[in-house]
file target.tsv (TSV, C-alpha atoms and all ligand atoms)
chain	number	residue	atom	x	y	z
A	1	MET	CA	0.00	0.00	0.00
A	2	THR	CA	2.77	2.41	0.88
A	3	VAL	CA	4.93	3.91	-1.80
A	4	ARG	CA	8.06	5.95	-1.20
A	5	GLY	CA	8.72	8.79	-3.60
A	6	TRP	CA	8.16	12.46	-4.12
A	7	CYS	CA	4.70	12.37	-5.62
A	8	PRO	CA	2.44	10.57	-3.17
A	9	GLY	CA	-1.26	10.23	-3.80
A	10	ALA	CA	-4.21	9.23	-1.70
A	11	LEU	CA	-4.10	5.62	-2.92
A	12	ALA	CA	-0.28	5.59	-2.88
A	13	PRO	CA	0.73	7.51	0.26
A	14	MET	CA	4.29	8.24	1.28
A	15	GLU	CA	5.85	7.45	4.63
A	16	SER	CA	7.29	10.39	6.49
A	17	GLY	CA	8.62	11.11	9.96
A	18	ASP	CA	5.12	11.92	11.23
A	19	GLY	CA	3.21	9.09	9.57
A	20	LEU	CA	1.75	8.72	6.08
A	21	VAL	CA	1.48	11.72	3.77
A	22	VAL	CA	-1.78	11.41	1.80
A	23	ARG	CA	-2.17	13.73	-1.16
A	24	VAL	CA	-5.61	14.61	-2.49
A	25	ARG	CA	-5.97	15.83	-6.05
A	26	PRO	CA	-9.34	17.62	-6.37
A	27	ARG	CA	-10.77	17.63	-9.89
A	28	GLY	CA	-10.15	20.87	-11.74
A	29	GLY	CA	-8.35	22.21	-8.66
A	30	ARG	CA	-11.76	23.03	-7.18
A	31	LEU	CA	-13.38	22.26	-3.84
A	32	ASP	CA	-16.95	22.85	-2.80
A	33	ALA	CA	-17.98	23.23	0.83
A	34	ALA	CA	-18.83	19.53	1.23
A	35	GLN	CA	-15.49	18.38	-0.19
A	36	ALA	CA	-13.49	20.88	1.87
A	37	GLY	CA	-15.44	19.76	4.93
A	38	ALA	CA	-14.66	16.12	4.14
A	39	ILE	CA	-10.93	16.88	3.90
A	40	ALA	CA	-11.03	18.86	7.15
A	41	ASP	CA	-12.92	16.04	8.90
A	42	ALA	CA	-10.46	13.48	7.53
A	43	ALA	CA	-7.45	15.48	8.73
A	44	GLU	CA	-8.96	15.53	12.22
A	45	ALA	CA	-10.15	11.93	12.27
A	46	HIS	CA	-7.29	10.15	10.52
A	47	GLY	CA	-4.33	12.56	10.45
A	48	ASN	CA	-2.49	14.95	12.73
A	49	ARG	CA	-4.71	17.91	11.72
A	50	VAL	CA	-2.06	19.26	9.35
A	51	ILE	CA	-3.33	20.10	5.84
A	52	GLU	CA	-0.79	21.38	3.33
A	53	LEU	CA	-1.26	23.02	-0.05
A	54	THR	CA	1.43	21.65	-2.36
A	55	GLY	CA	3.43	23.24	-5.16
A	56	ARG	CA	1.15	21.39	-7.60
A	57	ALA	CA	-2.06	22.78	-6.14
A	58	ASN	CA	-2.97	19.57	-4.31
A	59	LEU	CA	-3.90	19.21	-0.65
A	60	GLN	CA	-2.04	16.75	1.53
A	61	LEU	CA	-2.83	15.35	4.93
A	62	ARG	CA	-0.01	14.40	7.27
A	63	GLY	CA	0.30	12.03	10.19
A	64	VAL	CA	-2.10	9.41	8.82
A	65	THR	CA	-1.62	5.99	10.37
A	66	THR	CA	-1.51	2.82	8.31
A	67	ALA	CA	-4.49	1.56	10.30
A	68	GLY	CA	-6.51	4.70	9.60
A	69	HIS	CA	-5.70	4.89	5.89
A	70	PRO	CA	-8.53	2.59	4.64
A	71	ALA	CA	-11.15	4.63	6.53
A	72	LEU	CA	-9.67	7.83	5.17
A	73	LEU	CA	-9.98	6.46	1.62
A	74	MET	CA	-13.63	5.64	2.23
A	75	ASP	CA	-14.28	9.21	3.36
A	76	LEU	CA	-12.47	10.66	0.34
A	77	ARG	CA	-14.35	8.36	-2.02
A	78	ALA	CA	-17.69	9.42	-0.55
A	79	ALA	CA	-16.76	13.06	-1.19
A	80	GLY	CA	-15.80	12.38	-4.84
A	81	LEU	CA	-12.13	12.99	-4.12
A	82	LEU	CA	-10.68	9.59	-5.01
A	83	ASP	CA	-9.63	8.07	-8.33
A	84	VAL	CA	-10.49	4.52	-9.29
A	85	ASP	CA	-6.93	3.27	-8.85
A	86	ALA	CA	-3.40	4.48	-8.18
A	87	ALA	CA	-2.44	4.47	-11.88
A	88	VAL	CA	-5.27	6.85	-12.78
A	89	GLU	CA	-4.51	8.99	-9.74
A	90	ARG	CA	-0.87	9.31	-10.85
A	91	ARG	CA	-1.77	10.08	-14.47
A	92	ARG	CA	-4.53	12.62	-13.71
A	93	ASN	CA	-1.97	15.25	-12.85
A	94	VAL	CA	-3.61	18.46	-14.10
A	95	MET	CA	-3.11	21.93	-12.66
A	96	VAL	CA	-5.70	24.58	-13.57
A	97	THR	CA	-5.42	28.35	-13.43
A	98	PRO	CA	-7.34	29.58	-10.38
A	99	PHE	CA	-8.62	32.40	-12.60
A	100	ALA	CA	-10.38	29.88	-14.84
A	101	ASP	CA	-13.45	30.83	-16.85
A	102	PRO	CA	-16.04	28.22	-17.93
A	103	GLU	CA	-13.99	27.48	-21.06
A	104	ALA	CA	-10.88	26.68	-18.99
A	105	ASP	CA	-12.92	24.50	-16.63
A	106	ALA	CA	-14.33	22.60	-19.62
A	107	LEU	CA	-10.84	22.12	-21.10
A	108	ALA	CA	-9.59	20.78	-17.76
A	109	GLU	CA	-12.55	18.47	-17.33
A	110	ALA	CA	-12.11	16.99	-20.82
A	111	LEU	CA	-8.36	16.53	-20.29
A	112	GLU	CA	-8.84	14.82	-16.92
A	113	ALA	CA	-11.46	12.48	-18.43
A	114	ALA	CA	-9.13	11.59	-21.30
A	115	LEU	CA	-6.23	10.91	-18.92
A	116	GLU	CA	-8.42	8.67	-16.78
A	117	THR	CA	-9.18	6.33	-19.67
A	118	SER	CA	-5.81	6.55	-21.38
A	119	ASP	CA	-3.19	3.81	-21.22
A	120	LEU	CA	-0.25	6.22	-21.00
A	121	GLU	CA	2.42	5.26	-18.50
A	122	LEU	CA	3.91	8.62	-17.66
A	123	PRO	CA	6.55	9.43	-15.04
A	124	SER	CA	4.94	10.19	-11.69
A	125	LYS	CA	6.02	13.83	-11.76
A	126	PHE	CA	4.81	14.38	-15.34
A	127	GLY	CA	1.96	16.86	-15.35
A	128	PHE	CA	-0.33	19.09	-17.39
A	129	ALA	CA	-1.38	22.72	-16.89
A	130	VAL	CA	-4.60	24.29	-18.18
A	131	ASP	CA	-3.66	27.95	-18.11
A	132	THR	CA	-5.98	29.69	-20.55
A	133	GLY	CA	-6.64	32.90	-18.68
A	134	ALA	CA	-5.94	36.31	-20.22
A	135	GLY	CA	-2.21	35.59	-19.72
A	136	PRO	CA	-0.58	32.41	-18.42
A	137	VAL	CA	-0.11	32.42	-14.63
A	138	LEU	CA	1.33	28.92	-14.22
A	139	SER	CA	4.37	29.28	-16.52
A	140	GLU	CA	6.81	29.08	-13.59
A	141	ASP	CA	4.98	26.19	-11.95
A	142	PRO	CA	5.75	22.54	-12.63
A	143	ALA	CA	4.03	21.14	-15.73
A	144	ASP	CA	5.28	19.29	-18.79
A	145	ILE	CA	2.45	19.98	-21.20
A	146	ARG	CA	0.68	23.33	-21.11
A	147	ILE	CA	-2.60	24.49	-22.64
A	148	GLU	CA	-2.53	28.27	-22.88
A	149	ARG	CA	-4.29	31.04	-24.75
A	150	GLY	CA	-2.89	31.78	-28.21
A	151	PRO	CA	-3.74	34.35	-30.86
A	152	ALA	CA	-6.95	32.59	-31.95
A	153	GLY	CA	-7.82	30.07	-29.24
A	154	PRO	CA	-6.13	27.53	-27.00
A	155	ILE	CA	-2.64	26.34	-27.88
A	156	LEU	CA	-0.65	23.33	-26.74
A	157	ARG	CA	2.89	24.03	-25.60
A	158	ALA	CA	5.58	21.62	-24.44
A	159	ASP	CA	7.35	22.96	-21.36
A	160	ARG	CA	10.50	24.89	-22.27
A	161	MET	CA	9.28	25.53	-25.84
A	162	GLU	CA	8.65	29.21	-26.52
A	163	ALA	CA	5.62	28.52	-28.72
A	164	GLY	CA	3.04	25.83	-29.23
A	165	THR	CA	0.51	24.54	-31.73
A	166	ALA	CA	-3.26	24.97	-32.05
A	167	TYR	CA	-5.12	22.84	-29.48
A	168	SER	CA	-8.25	21.12	-30.64
A	169	GLY	CA	-8.92	18.73	-27.75
A	170	PRO	CA	-7.44	16.38	-25.15
A	171	GLN	CA	-6.22	13.96	-27.83
A	172	ASP	CA	-3.64	16.59	-28.82
A	173	ALA	CA	-2.28	16.65	-25.26
A	174	LEU	CA	-2.19	12.86	-25.10
A	175	ASP	CA	-0.43	12.71	-28.48
A	176	LEU	CA	2.24	15.12	-27.20
A	177	ALA	CA	2.67	12.92	-24.11
A	178	ARG	CA	3.04	9.90	-26.39
A	179	TRP	CA	5.62	11.79	-28.45
A	180	PHE	CA	7.53	12.45	-25.20
A	181	LEU	CA	7.54	8.74	-24.38
A	182	GLY	CA	8.41	7.79	-27.96
A	183	GLN	CA	11.43	10.10	-27.94
A	184	GLY	CA	12.80	8.34	-24.86
A	185	GLY	CA	11.78	11.11	-22.45
A	186	ALA	CA	11.11	8.65	-19.61
A	187	THR	CA	13.56	6.18	-18.13
A	188	ASN	CA	12.72	3.92	-15.18
A	189	GLY	CA	9.59	5.95	-14.42
A	190	ARG	CA	11.45	9.28	-14.38
A	191	GLY	CA	11.80	12.05	-16.93
A	192	ARG	CA	10.53	15.53	-17.66
A	193	MET	CA	9.62	17.36	-20.84
A	194	ARG	CA	12.06	20.19	-20.22
A	195	ALA	CA	15.00	17.77	-20.07
A	196	LEU	CA	13.94	16.19	-23.36
A	197	ILE	CA	13.59	19.59	-25.05
A	198	LEU	CA	16.97	20.66	-23.72
A	199	ARG	CA	18.44	17.52	-25.29
A	200	GLY	CA	17.36	18.92	-28.65
A	201	CYS	CA	14.13	16.97	-29.28
A	202	VAL	CA	11.46	19.36	-30.55
A	203	PRO	CA	7.81	18.49	-31.30
A	204	CYS	CA	6.71	19.47	-34.79
A	205	GLY	CA	3.82	21.75	-35.81
A	206	THR	CA	3.06	25.39	-36.55
A	207	ARG	CA	4.49	27.68	-33.91
A	208	LEU	CA	1.97	29.89	-32.13
A	209	ALA	CA	3.18	32.13	-29.33
A	210	PRO	CA	1.14	32.23	-26.12
A	211	HIS	CA	-0.06	35.49	-24.63
A	212	PRO	CA	2.57	37.13	-22.43
A	213	PRO	CA	2.65	35.86	-18.85
A	214	ALA	CA	0.69	37.74	-16.21
A	215	PRO	CA	2.59	39.15	-13.20
A	216	PRO	CA	2.78	36.92	-10.11
A	217	ALA	CA	-0.45	36.95	-8.10
A	218	ALA	CA	-0.48	38.49	-4.62
A	219	PRO	CA	-2.91	37.85	-1.78
A	220	GLY	CA	-5.97	40.07	-1.64
A	221	ALA	CA	-8.81	41.02	-3.98
A	222	HIS	CA	-8.81	39.92	-7.64
A	223	ALA	CA	-11.43	40.06	-10.35
A	224	SER	CA	-12.24	36.36	-9.70
A	225	GLY	CA	-12.39	36.57	-5.91
A	226	ILE	CA	-10.00	36.85	-3.00
A	227	LEU	CA	-6.65	35.09	-2.84
A	228	ALA	CA	-5.81	34.03	0.71
A	229	ALA	CA	-2.20	33.04	1.37
A	230	LEU	CA	-1.25	30.33	3.88
A	231	GLU	CA	1.86	30.44	6.06
A	232	PHE	CA	4.13	27.66	4.73
A	233	GLY	CA	1.16	26.48	2.70
A	234	GLN	CA	-0.61	25.03	5.77
A	235	ILE	CA	-4.27	25.47	6.64
A	236	ALA	CA	-6.02	24.28	9.80
A	237	PRO	CA	-9.05	22.01	9.29
A	238	ASP	CA	-11.48	24.50	10.77
A	239	THR	CA	-10.15	27.37	8.68
A	240	LEU	CA	-10.54	25.27	5.53
A	241	ARG	CA	-14.07	24.33	6.56
A	242	ARG	CA	-15.09	27.91	7.32
A	243	LEU	CA	-13.44	29.34	4.21
A	244	ALA	CA	-15.26	26.88	1.95
A	245	ARG	CA	-18.61	27.80	3.51
A	246	LEU	CA	-18.01	31.38	2.33
A	247	ALA	CA	-17.17	30.62	-1.30
A	248	PRO	CA	-16.21	27.78	-3.65
A	249	LEU	CA	-12.44	27.29	-3.48
A	250	ARG	CA	-9.80	27.05	-6.19
A	251	LEU	CA	-6.36	25.76	-5.27
A	252	THR	CA	-3.14	27.33	-6.52
A	253	PRO	CA	0.49	26.14	-6.54
A	254	TRP	CA	1.49	29.40	-4.79
A	255	ARG	CA	0.48	28.55	-1.20
A	256	MET	CA	-2.72	30.51	-1.81
A	257	ILE	CA	-6.37	29.57	-2.11
A	258	LEU	CA	-8.84	31.58	-4.17
A	259	ALA	CA	-12.23	32.17	-2.53
A	260	SER	CA	-14.03	32.27	-5.84
A	261	GLY	CA	-16.36	35.24	-6.30
A	262	ALA	CA	-15.82	36.49	-2.74
A	263	GLN	CA	-15.79	40.26	-2.20
A	264	ALA	CA	-14.40	40.16	1.34
A	265	LEU	CA	-13.18	37.58	3.85
A	266	PRO	CA	-13.32	37.60	7.65
A	267	ASP	CA	-10.09	37.34	9.61
A	268	LEU	CA	-9.79	33.55	9.74
A	269	PRO	CA	-6.85	32.03	11.65
A	270	GLY	CA	-3.83	31.35	9.45
A	271	LEU	CA	-5.01	33.27	6.37
A	272	ILE	CA	-2.73	36.03	5.07
A	273	LEU	CA	-4.60	38.70	3.10
A	274	ASP	CA	-2.07	41.55	3.32
A	275	PRO	CA	0.46	41.48	0.46
A	276	ALA	CA	3.00	43.19	2.78
A	277	ASP	CA	2.87	40.45	5.45
A	278	PRO	CA	6.52	39.40	6.18
A	279	ARG	CA	5.51	35.74	6.38
A	280	LEU	CA	5.04	35.78	2.60
A	281	ALA	CA	8.84	35.97	2.25
A	282	LEU	CA	9.31	32.61	3.96
A	283	ARG	CA	9.64	29.17	2.45
A	284	ALA	CA	10.28	26.20	4.72
A	285	CYS	CA	9.63	22.48	4.44
A	286	PRO	CA	8.16	20.60	7.45
A	287	GLY	CA	11.71	19.88	8.69
A	288	ALA	CA	12.32	17.92	11.90
A	289	PRO	CA	10.61	16.05	13.41
A	290	ALA	CA	7.92	15.77	10.68
A	291	CYS	CA	10.28	14.64	7.92
A	292	ALA	CA	12.52	11.63	8.48
A	293	SER	CA	15.24	13.16	6.26
A	294	ALA	CA	15.37	16.48	8.11
A	295	LEU	CA	18.54	17.50	9.87
A	296	ALA	CA	16.98	20.41	11.80
A	297	GLU	CA	13.76	22.17	12.74
A	298	THR	CA	12.88	24.69	10.04
A	299	ARG	CA	9.62	26.62	10.43
A	300	ASN	CA	10.10	28.20	13.85
A	301	LEU	CA	13.58	29.21	12.72
A	302	ALA	CA	12.17	30.79	9.55
A	303	ARG	CA	9.52	32.68	11.58
A	304	SER	CA	12.19	34.04	13.91
A	305	LEU	CA	14.25	35.28	10.96
A	306	ALA	CA	11.33	36.85	9.03
A	307	PRO	CA	11.94	40.41	10.32
A	308	LEU	CA	15.51	40.24	9.01
A	309	VAL	CA	14.62	39.33	5.43
A	310	PRO	CA	15.19	42.31	3.11
A	311	LYS	CA	12.03	43.67	1.47
A	312	GLY	CA	11.12	41.71	-1.64
A	313	ALA	CA	13.60	38.91	-0.89
A	314	VAL	CA	12.77	35.25	-0.28
A	315	LEU	CA	14.24	33.25	2.62
A	316	HIS	CA	14.17	29.49	2.19
A	317	VAL	CA	14.94	27.29	5.20
A	318	SER	CA	15.38	23.68	4.16
A	319	GLY	CA	15.64	20.65	6.42
A	320	CYS	CA	18.08	19.02	3.99
A	321	ALA	CA	19.62	19.59	0.57
A	322	LYS	CA	16.54	18.31	-1.28
A	323	GLY	CA	14.84	21.68	-0.94
A	324	CYS	CA	11.27	20.36	-1.23
A	325	ALA	CA	9.63	23.63	-0.15
A	326	TRP	CA	11.24	25.75	-2.87
A	327	PRO	CA	12.99	23.85	-5.66
A	328	ARG	CA	14.10	27.16	-7.20
A	329	PRO	CA	16.77	29.70	-6.38
A	330	ALA	CA	15.96	31.96	-3.42
A	331	ASP	CA	17.68	35.17	-2.37
A	332	LEU	CA	18.76	33.47	0.85
A	333	THR	CA	18.68	29.74	1.51
A	334	LEU	CA	19.59	28.05	4.78
A	335	THR	CA	20.14	24.33	4.31
A	336	ALA	CA	20.40	22.12	7.39
A	337	THR	CA	23.39	19.79	7.41
A	338	ALA	CA	24.84	17.47	10.04
A	339	ALA	CA	27.27	20.27	10.94
A	340	GLY	CA	24.78	23.17	11.16
A	341	PHE	CA	23.19	25.43	8.52
A	342	ASP	CA	24.79	26.30	5.19
A	343	LEU	CA	23.97	29.72	3.75
A	344	ILE	CA	23.44	29.89	-0.02
A	345	ARG	CA	22.89	33.22	-1.69
A	346	HIS	CA	20.79	33.31	-4.89
A	347	GLY	CA	20.72	29.56	-5.21
A	348	ARG	CA	18.90	26.33	-4.41
A	349	ALA	CA	19.19	24.25	-1.26
A	350	ALA	CA	21.80	21.95	-2.81
A	351	ASP	CA	23.92	24.71	-4.39
A	352	ALA	CA	27.39	25.68	-3.20
A	353	PRO	CA	27.16	27.67	0.05
A	354	THR	CA	28.94	30.90	0.82
A	355	LEU	CA	29.04	30.00	4.54
A	356	ARG	CA	28.95	26.54	6.12
A	357	GLY	CA	28.09	24.95	9.44
A	358	LEU	CA	26.33	27.94	11.04
A	359	HIS	CA	24.73	27.55	14.47
A	360	PRO	CA	21.13	28.92	14.60
A	361	ASP	CA	22.34	31.59	17.04
A	362	GLN	CA	24.70	32.93	14.36
A	363	LEU	CA	22.01	33.29	11.70
A	364	PRO	CA	20.50	36.67	12.69
A	365	LYS	CA	23.93	38.28	12.50
A	366	VAL	CA	24.78	36.60	9.20
A	367	LEU	CA	21.50	37.56	7.53
A	401	LIG	S1	13.75	19.26	2.11
A	401	LIG	FE1	14.53	17.44	3.16
A	401	LIG	S2	13.88	17.73	5.25
A	401	LIG	FE2	12.63	19.09	4.03
A	401	LIG	S3	10.78	17.93	3.55
A	401	LIG	FE3	12.23	17.65	1.85
A	401	LIG	S4	13.31	15.74	2.37
A	401	LIG	FE4	12.32	16.47	4.25
call {"tool": "encode", "arguments": {"input": "target.tsv", "output": "structure tokens"}}
result
Amino acid sequence: MTVRGWCPGALAPMESGDGLVVRVRPRGGRLDAAQAGAIADAAEAHGNRVIELTGRANLQLRGVTTAGHPALLMDLRAAGLLDVDAAVERRRNVMVTPFADPEADALAEALEAALETSDLELPSKFGFAVDTGAGPVLSEDPADIRIERGPAGPILRADRMEAGTAYSGPQDALDLARWFLGQGGATNGRGRMRALILRGCVPCGTRLAPHPPAPPAAPGAHASGILAALEFGQIAPDTLRRLARLAPLRLTPWRMILASGAQALPDLPGLILDPADPRLALRACPGAPACASALAETRNLARSLAPLVPKGAVLHVSGCAKGCAWPRPADLTLTATAAGFDLIRHGRAADAPTLRGLHPDQLPKVL
């Protein structure tokens, strides 16, 4: 039942230091009040009450016991949040712009349905993005095949290609995924489109440029509703429950949830609505003791350092060199090692540090 790896699901959970990590992949990235309530109830009944929003716009429950996992699956199935099997769950890896209009929702629904019945055996991290808003907002988020808005309708773009081809339906996306496999893009269940493109393999077809990307979204009011940010991407069960009673929810890969159509939100615990909140500068994985690989506690340390982060900069505190919380360069990264924290400037958690083996007490002075 238990699978180790970096893309757990609900049917294929991952063991961690605090129990099983169970990842739920809501269809279309949307949750209604009943589904959000079911996830909140499940986190309280079967987990350790920790609900995390992932970098792929999924929700994951932590601290689930092996004994409680079957009951959790029953609850998720009753709420329409479970796939028929682990293979479908792995393949139905579709991220949707939170600013979706009915056309984008229909595109996502058709793509998810096609993936469910397809026989493609894609790497577990291989994913799709439906990003057909006025300008793409998911370009920097992980996806291998992107559906975006082009000059005269949706276009299909392989990640790392500057342009795409006209998109007429989900079969086009599946054909591009097949092309990826046919070109040798996957080996031993691993492989990403960007790596294949960088090796010089280029899909054929007329080149259509997507609309220019939109600026990064900030918490607060938007035309589609209110974006609420979550410290370290975590939301308490009761906050999730109460938020979903106010508006239908759309999940983002940015540690933010869109309360769709909302004009205002009450001050719910753990929600960040002020774009100037210093906690928005922080990235930190669960660290010790939640993750078995962690070499130090991370989140309390990050909170204590927040006032020292220069305006506009990002501080990433990572429990080990894997850098799960922020697999990109950050202005400042502190990576826990057996000998203390390494400081990396403008790099990723595994990059070469400028200072090594720092004790937590030294960090305020160094930053
Ligand atoms: S970065 Fe390391 S310590 Fe943090 S969650 Fe990932 S594996 Fe665990």
call {"tool": "residues_near_ligand", "arguments": {"input": "target.tsv", "ligand": "ligand LIG 401 (chain A)", "cutoff": "8 Å", "atoms": "all atoms listed in the file", "output": "PyMOL selection string"}}
result
chain A and resi 284-288+290-296+318-325
call {"tool": "write_last_selection", "arguments": {"input": "target.tsv", "atoms": "C-alpha atoms", "output": "compact mmCIF listing (two decimals), in the frame of the given file"}}
result
# COMPACT_ATOMS: atom_id res chain seq x y z
CA ALA A 284 10.28 26.20 4.72
CA CYS A 285 9.63 22.48 4.44
CA PRO A 286 8.16 20.60 7.45
CA GLY A 287 11.71 19.88 8.69
CA ALA A 288 12.32 17.92 11.90
CA ALA A 290 7.92 15.77 10.68
CA CYS A 291 10.28 14.64 7.92
CA ALA A 292 12.52 11.63 8.48
CA SER A 293 15.24 13.16 6.26
CA ALA A 294 15.37 16.48 8.11
CA LEU A 295 18.54 17.50 9.87
CA ALA A 296 16.98 20.41 11.80
CA SER A 318 15.38 23.68 4.16
CA GLY A 319 15.64 20.65 6.42
CA CYS A 320 18.08 19.02 3.99
CA ALA A 321 19.62 19.59 0.57
CA LYS A 322 16.54 18.31 -1.28
CA GLY A 323 14.84 21.68 -0.94
CA CYS A 324 11.27 20.36 -1.23
CA ALA A 325 9.63 23.63 -0.15
call {"tool": "closest_residue", "arguments": {"input": "target.tsv", "among": "A:Glu103, A:Glu89, A:Asp361, A:Glu140", "to": "A:Ser124", "atoms": "all atoms listed in the file"}}
result
A:Glu89
call {"tool": "atom_distance", "arguments": {"input": "target.tsv", "atom1": "atom CA of A:Gly200", "atom2": "atom CA of A:Asn188"}}
result
20.7 Å
call {"tool": "closest_residue", "arguments": {"input": "target.tsv", "among": "A:Met95, A:Arg255, A:Pro212, A:Gly63", "to": "A:Met14", "atoms": "all atoms listed in the file"}}
result
A:Gly63
call {"tool": "residues_around", "arguments": {"input": "target.tsv", "residues": "stretch 338-350 of chain A", "least_positions_apart": "4", "cutoff": "7 Å", "atoms": "only C-alpha atoms", "output": "list in words"}}
result
Leu295, Ser318, Ala321, Lys322, Gly323, Pro327, Arg328, Pro329, Ala330, Asp331, Leu332, Thr333, Leu334, Thr354, Leu355, Arg356, Gly357, Leu358 and His359 of chain A
call {"tool": "write_last_selection", "arguments": {"input": "target.tsv", "atoms": "C-alpha atoms", "output": "tab-separated table (two decimals), keeping the file's coordinate frame"}}
result
chain	number	residue	atom	x	y	z
A	295	LEU	CA	18.54	17.50	9.87
A	318	SER	CA	15.38	23.68	4.16
A	321	ALA	CA	19.62	19.59	0.57
A	322	LYS	CA	16.54	18.31	-1.28
A	323	GLY	CA	14.84	21.68	-0.94
A	327	PRO	CA	12.99	23.85	-5.66
A	328	ARG	CA	14.10	27.16	-7.20
A	329	PRO	CA	16.77	29.70	-6.38
A	330	ALA	CA	15.96	31.96	-3.42
A	331	ASP	CA	17.68	35.17	-2.37
A	332	LEU	CA	18.76	33.47	0.85
A	333	THR	CA	18.68	29.74	1.51
A	334	LEU	CA	19.59	28.05	4.78
A	354	THR	CA	28.94	30.90	0.82
A	355	LEU	CA	29.04	30.00	4.54
A	356	ARG	CA	28.95	26.54	6.12
A	357	GLY	CA	28.09	24.95	9.44
A	358	LEU	CA	26.33	27.94	11.04
A	359	HIS	CA	24.73	27.55	14.47
call {"tool": "atom_distance", "arguments": {"input": "target.tsv", "atom1": "atom CA of A:Thr165", "atom2": "atom CA of A:Leu120"}}
result
21.2 Å
call {"tool": "atom_distance", "arguments": {"input": "target.tsv", "atom1": "atom CA of A:Leu181", "atom2": "atom CA of A:Gly135"}}
result
28.9 Å
call {"tool": "residues_around", "arguments": {"input": "target.tsv", "residues": "A:Ala218", "least_positions_apart": "5", "cutoff": "10 Å", "atoms": "only C-alpha atoms", "output": "short mmCIF file (atom, residue, chain, number, x, y, z; two decimals) with C-alpha atoms, in the coordinates of the input"}}
result
data_model
loop_
_atom_site.label_atom_id
_atom_site.label_comp_id
_atom_site.auth_asym_id
_atom_site.auth_seq_id
_atom_site.Cartn_x
_atom_site.Cartn_y
_atom_site.Cartn_z
CA ILE A 226 -10.00 36.85 -3.00
CA LEU A 227 -6.65 35.09 -2.84
CA ALA A 228 -5.81 34.03 0.71
CA ALA A 229 -2.20 33.04 1.37
CA TRP A 254 1.49 29.40 -4.79
CA MET A 256 -2.72 30.51 -1.81
CA LEU A 273 -4.60 38.70 3.10
CA ASP A 274 -2.07 41.55 3.32
CA PRO A 275 0.46 41.48 0.46
CA ALA A 276 3.00 43.19 2.78
CA LEU A 280 5.04 35.78 2.60
#
call {"tool": "residues_near_point", "arguments": {"input": "target.tsv", "point": "(-8.2, 24.1, -4.7)", "cutoff": "9 Å", "atoms": "all atoms listed in the file", "output": "list in words"}}
result
Arg25, Pro26, Arg27, Gly28, Gly29, Arg30, Leu31, Leu53, Ala57, Asn58, Leu59, Pro98, Pro248, Leu249, Arg250, Leu251, Thr252, Met256, Ile257 and Leu258 of chain A
call {"tool": "residues_around", "arguments": {"input": "target.tsv", "residues": "A:Asp41", "least_positions_apart": "3", "cutoff": "9 Å", "atoms": "all atoms listed in the file", "output": "PyMOL selection string"}}
result
chain A and resi 36-38+44-46+49+75+237-238+241
call {"tool": "closest_residue", "arguments": {"input": "target.tsv", "among": "A:Ala173, A:Ala214, A:Ile197, A:Ala12", "to": "A:Thr97", "atoms": "only C-alpha atoms"}}
result
A:Ala214
call {"tool": "residues_around", "arguments": {"input": "target.tsv", "residues": "stretch 261-263 of chain A", "least_positions_apart": "4", "cutoff": "9 Å", "atoms": "all atoms listed in the file", "output": "MDAnalysis selection string"}}
result
chainID A and resid 221:226 246:248
call {"tool": "closest_residue", "arguments": {"input": "target.tsv", "among": "A:Thr132, A:Asp175, A:Ala158, A:Thr239", "to": "A:Pro102", "atoms": "all atoms listed in the file"}}
result
A:Thr132
call {"tool": "residues_near_point", "arguments": {"input": "target.tsv", "point": "(0.9, 8.4, -13.7)", "cutoff": "7 Å", "atoms": "only C-alpha atoms", "output": "VMD selection string"}}
result
chain A and resid 87 to 92 121 to 124
